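Q: I'd like to ask some things about the structure below.
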Amino acid sequence: MKNRVKHILYVSVVLLIAATIGTLTINEYVKHLGSKYILSSIDVPKCNAILVLGAYVAPDGTVSPMLNDRLVEAEKLYELGKAPKVLVSGDHGRMDYDEVNAMRTFLQNKNIPPEDIFMDHAGFSTYESIYRARDIFQVHKVIIVTQQYHLMRAVFNARALGLDAYGVASDLQDYGEVMKVYNLREIAARNKDFIISEFIKPKPTFLGQVLPVSGDGRVTDDK
């Protein structure tokens, strides 16, 4: 009985070590590949769209500090002529929560014409935002804007899905202690997206009508 227990414990420890090594190896692989295509706003090549990934928006429509910085960086890229269109992608799956209209309003207040702003109302995850950017909005060469910790995975996903993707980090301030939680959670997210984007490639929650980003962004208005 003792030998059997020892054997089970031994196998459990070996499996735990193997799982930990595998998890950390995939994490570093995703970070390495994604980081290769993260550039400054000056050095990033011209693309056909800037993709801004969503984040928390308050009930009154005020964007969170992280989302504010993503939008500020996107507006800078637009003004630099790095892309003629901005695609804002986030969660608008409920009537009482709307990331994308808040993002559009922010950019319009920065004097970006409404016809140059496309809204993806069903960007429920990083993977889905990128998949829909490719298949719904016909984006082929893209600049993705989000914070560095998130950007490595986003660029990795986009490259795995066949996009000519680059990233510009939007870390414009210190986000505080919450970053410790985000960085820890991101390890699991990188492992999940590695499997999804490299092997499974599932369709997103919603697809729908093709709305090429080369057109007029006002076709995505819902208000």
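Scheme for the structure tokens: letters A, B, ... for chains in order shown; per-chain residue numbers from 1; ligand numbers from 1 in order shown.
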Please provide as a ChimeraX atom specification all residues within 7 Å of Lys85 (chain A), with the sequence filter that same-chain residues fewer than 5 positions apart are discarded (counting only C-alpha atoms).
A: /A:48-50,116-117,213
Q: May I have a table of the residues of region 142-197 of chain A lying at most 12 Å from region 123-137 of chain A, giving each one's closest pair of atoms and their distance in Å to one decimal, counting only C-alpha atoms, ordered by chain and ascending residue number, as a Markdown table?
A:
```
| residue | atom | partner | partner_atom | distance |
| --- | --- | --- | --- | --- |
| A:Val142 | CA | A:Ala133 | CA | 9.0 |
| A:Ile143 | CA | A:Ile130 | CA | 11.1 |
| A:Ile144 | CA | A:Ile130 | CA | 9.2 |
| A:Val145 | CA | A:Thr126 | CA | 11.5 |
| A:Thr146 | CA | A:Thr126 | CA | 10.5 |
| A:His150 | CA | A:Thr126 | CA | 8.9 |
| A:Leu151 | CA | A:Thr126 | CA | 9.6 |
| A:Met152 | CA | A:Thr126 | CA | 11.2 |
| A:Arg153 | CA | A:Thr126 | CA | 8.4 |
| A:Ala154 | CA | A:Thr126 | CA | 6.3 |
| A:Val155 | CA | A:Ile130 | CA | 9.1 |
| A:Phe156 | CA | A:Tyr127 | CA | 9.9 |
| A:Asn157 | CA | A:Tyr127 | CA | 6.4 |
| A:Ala158 | CA | A:Ile130 | CA | 6.0 |
| A:Arg159 | CA | A:Ile130 | CA | 9.7 |
| A:Ala160 | CA | A:Tyr127 | CA | 10.3 |
| A:Leu161 | CA | A:Tyr131 | CA | 7.2 |
| A:Gly162 | CA | A:Arg134 | CA | 8.7 |
| A:Leu163 | CA | A:Arg134 | CA | 7.3 |
| A:Asp164 | CA | A:Arg134 | CA | 10.4 |
| A:Ala165 | CA | A:Ile130 | CA | 10.0 |
| A:Glu186 | CA | A:Thr126 | CA | 11.7 |
| A:Ala189 | CA | A:Thr126 | CA | 9.7 |
| A:Arg190 | CA | A:Thr126 | CA | 10.6 |
| A:Lys192 | CA | A:Tyr127 | CA | 10.2 |
| A:Asp193 | CA | A:Tyr127 | CA | 7.1 |
| A:Phe194 | CA | A:Tyr127 | CA | 10.1 |
| A:Ile195 | CA | A:Tyr127 | CA | 11.2 |
| A:Ile196 | CA | A:Tyr127 | CA | 8.3 |
| A:Ser197 | CA | A:Tyr127 | CA | 7.4 |
```
Q: Which one is closest to Pro114 (chain A): A:Gly93, A:Leu172, A:Val86, A:Gly167? Count only C-alpha atoms.
A: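 Closest to Pro114 (chain A) of all the choices is A:Val86.
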Q: Taking 6 positions as the minimum chain separation for residues in the same chain, which residues sit within 10 Å of region 94-103 of chain A when counting only C-alpha atoms? Answer as a list in words.
A: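 After dropping sequence-adjacent residues, the list is Val52, Leu53, Gly54, Ala55, Tyr56, Val57, Ala58, Pro59, Asp60, Gly61, Thr62, Val63, Leu67, Asn68, Arg70, Leu71, Leu87, Val88, Asn109, Ile117, Phe118, Met119, Asp120, His121, Ala122, Gly123, Asp221, Asp222 and Lys223 of chain A.
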Q: Would you list, as JSON, numbers by chain, the residues of region 23-222 of chain A that end up in alpha helix (DSSP H) under DSSP run on this structure's backbone?
A: {"A": [23, 24, 25, 26, 27, 28, 29, 30, 31, 32, 33, 34, 35, 65, 66, 67, 68, 69, 70, 71, 72, 73, 74, 75, 76, 77, 78, 79, 99, 100, 101, 102, 103, 104, 105, 106, 107, 108, 109, 126, 127, 128, 129, 130, 131, 132, 133, 134, 135, 148, 149, 150, 151, 152, 153, 154, 155, 156, 157, 158, 159, 160, 178, 179, 180, 181, 182, 183, 184, 185, 186, 187, 188, 189, 190, 191, 192, 193, 194, 195]}
Q: Which residue, A:Gly34, A:Leu107, A:Leu39, A:Ser214, has the smallest gap to Ala83 (chain A) when you use only C-alpha atoms?
A: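 Closest residue, counting only C-alpha atoms: A:Ser214.
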Q: When you count only C-alpha atoms, which of these residues is closest to Gly217 (chain A): A:Ile112, A:Ile200, A:Leu16, A:Leu9?
A: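 Smallest distance to Gly217 (chain A) is found for A:Ile112.
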Q: How would you write, as a ChimeraX atom specification, the set of residues in region 39-216 of chain A that DSSP gives as strand (DSSP E or B)?
A: /A:49-53,57,63,86-89,91,94,97,117-120,122,141-146,164-169
Q: Print the selection's residues with C-alpha atoms to a file, as a CSV table (one decimal), in the first residue's frame.
A:
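So the final result, stored in result_9.csv, reads:
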```csv
chain,number,residue,atom,x,y,z
A,49,ALA,CA,-6.3,49.5,-40.4
A,50,ILE,CA,-5.5,50.2,-36.8
A,51,LEU,CA,-7.2,47.7,-34.5
A,52,VAL,CA,-8.0,48.9,-31.0
A,53,LEU,CA,-8.9,46.1,-28.6
A,57,VAL,CA,-16.0,51.2,-19.9
A,63,VAL,CA,-13.3,54.7,-20.8
A,86,VAL,CA,-9.5,52.6,-37.2
A,87,LEU,CA,-11.4,49.5,-36.1
A,88,VAL,CA,-12.5,49.5,-32.5
A,89,SER,CA,-13.4,46.0,-31.3
A,91,ASP,CA,-17.9,43.8,-26.0
A,94,ARG,CA,-25.7,43.6,-23.7
A,97,TYR,CA,-22.7,47.6,-21.6
A,117,ILE,CA,-14.1,54.6,-37.6
A,118,PHE,CA,-15.5,51.0,-37.8
A,119,MET,CA,-17.1,49.3,-34.8
A,120,ASP,CA,-16.9,45.6,-34.1
A,122,ALA,CA,-18.9,41.3,-31.1
A,141,LYS,CA,-2.3,44.3,-42.8
A,142,VAL,CA,-3.0,45.6,-39.3
A,143,ILE,CA,-1.5,47.6,-36.5
A,144,ILE,CA,-2.9,46.3,-33.2
A,145,VAL,CA,-3.0,48.7,-30.2
A,146,THR,CA,-3.1,47.6,-26.6
A,164,ASP,CA,0.4,40.7,-41.6
A,165,ALA,CA,0.2,42.1,-38.1
A,166,TYR,CA,2.2,44.6,-36.1
A,167,GLY,CA,1.8,46.0,-32.6
A,168,VAL,CA,2.2,49.3,-31.0
A,169,ALA,CA,2.2,49.3,-27.2
```
Q: Using only C-alpha atoms, which residue out of A:Asn191, A:His7, A:Gly208, A:Gly215 lies closest to Leu24 (chain A)?
A: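 Distance minimum relative to Leu24 (chain A) lands on A:Asn191.
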Q: Hey, can you check how far CA of Asn27 (chain A) sits from CA of Gly90 (chain A)?
A: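 Here the two named atoms are 24.2 Å from each other.
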